[in-house]
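Input: a single structure, listed below in structure tokens.
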There are 2 protein chains.
Amino acid sequence: MNKIITIGREFGSGGRELGKRLAEQLNIAYYDKEIMEEISNRTQLAKDYVHRIVEQKPNLYVPITVGRTFHASSSDYMIRQQTSVYAEQANVLREMAQRSDCVIVGRCADYILKDHNPLRIFVYADIESKIKRCREKAELEEHLSDKEMKKRIQKVDKNRSRYYTYYTGQKWGHHSNYDLCINTSSLPVKDFAEALADLIRGMEA
Amino acid sequence: MNKIITIGREFGSGGRELGKRLAEQLNIAYYDKEIMEEISNRTQLAKDYVHRIVEQKPNLYVPITVGRTFHASSSDYMIRQQTSVYAEQANVLREMAQRSDCVIVGRCADYILKDHNPLRIFVYADIESKIKRCREKAELEEHLSDKEMKKRIQKVDKNRSRYYTYYTGQKWGHHSNYDLCINTSSLPVKDFAEALADLIRGMEA
């Protein structure tokens, strides 16, 4: 069975960086945005819309147009569409996991791929570190005040948490759902990725 | 400032083993049962009684005798005694942290020593792994069935959780209170201790 590493992460915590570095160190595939592109292709929905869906649990928010085609607005229809995007996402993840060893960021991969016995990592940080990282990486608009950034970060995390709980029935970030939870406020991502890659290589040997 | 590593742990998860191995690898002091012995000496209370106190939040349980001396039974008196044991424990921990680099297992050390900026680790495992470990290490009576062991383990963890929350106002095992949470069901303690020791040495260099 291929070695699968899944990474759940708070916004601005450096989860993506950890995933990339781990994939580089272990010389295995890395999937993040590729997943949404693939779903977008398969569902014929616009990428932005897919992105919004995979960060939010189904709700009654109904856009006038959802991208490539115009749809009749019905909350029931929307929920079915969101659920089918989730199902397509699960297919994409399973295919990626079948293909080769890989690191997958987000997308409930820890839950969807549990039969593959993945190494499930959760990455988090205190709010000050997340604001700092967002400024450094320009992940949010630069003009935002710290207070505004905090609000945005909390909103993204709240959506991730709701989405995860809706589809998995589990609590996002609760240690029992992961093999390793890493606070990047205290542990430097680069050094931790190297140590963890060594450990994983050792476990496989 | 000395390097302090604190370890919170679920019963039977291998937290003590991880702490010992880390201390050996880093060649630093390791404190576990020594803390209770020191408190017992200072408070003139029997070791067994101190042990019971430091695993439970103050309550109205009143033993007839508490060890070396006989005390008038009063719930108010008991609570004061339990609180003073906690205060003495805090003194002992601070002295240990002042003395040298060290690993400290349990005792709300992550919270009490927060000014020392400790590396705060939480160690946990699924219930099957904890039962297996308890059998291997003979940490509980051997004649217990799996069901009875599970009950005992859950009881110890419930007490640890209540005690921690009572004195710290924080949630025991919640990732935000730690720098690293390690699931020993998936990650072998020996290998992880080595990788982590390497990482810590690297961070100090």
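Just remember, in the structure tokens the first chain shown is A, the second B, etc., residues are 1-based per chain, and ligands are 1-based in the order shown.
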
Give me, as a ChimeraX atom specification, the contact residues of chain B against chain A at a cut-off of 6 Å, counting only C-alpha atoms.
-> /B:179-183,195

Go through range 1-181 of chain A and collect every residue that DSSP, computed from the backbone, puts in alpha helix (DSSP H); the answer should be as a PyMOL selection string.
-> chain A and resi 15-26+33-43+47-53+75-99+109-112+127-137+146-168

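Using only C-alpha atoms, the residues found no farther than 7 Å from Val103 in chain B, other than those of its own chain fewer than 3 positions away, are Ile4, Ile5, Thr6, Gly19, Ala23, Ala29, Tyr30 and Tyr31 of chain B.
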
Written file, previous selection with C-alpha atoms, as a PDB file, in the first residue's frame:
ATOM      1  CA  ILE B   4      12.351  22.428  30.088  1.00  0.00           C
ATOM      2  CA  ILE B   5      10.296  19.708  28.398  1.00  0.00           C
ATOM      3  CA  THR B   6       6.919  18.942  29.942  1.00  0.00           C
ATOM      4  CA  GLY B  19      10.018  11.335  28.606  1.00  0.00           C
ATOM      5  CA  ALA B  23      15.978  12.755  28.859  1.00  0.00           C
ATOM      6  CA  ALA B  29      17.317  15.343  34.274  1.00  0.00           C
ATOM      7  CA  TYR B  30      14.050  13.394  34.345  1.00  0.00           C
ATOM      8  CA  TYR B  31      11.384  13.988  37.001  1.00  0.00           C
TER       9      TYR B  31
END

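You can rank B:Arg80, B:Lys114, B:Lys171, B:Lys158 by their closest distance to Arg94 in chain B using only C-alpha atoms, and at the top of that list sits B:Lys114.
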
List the neighbours of Thr165 in chain A out to 12 Å using only C-alpha atoms; skip same-chain residues closer than 3 positions along the sequence, and give me the result as a PyMOL selection string.
-> chain A and resi 55-58+107-108+111+158-162+168-174+177

All strand (DSSP E or B) residues (DSSP, backbone) inside range 118-169 of chain A, as a PyMOL selection string = chain A and resi 119-124
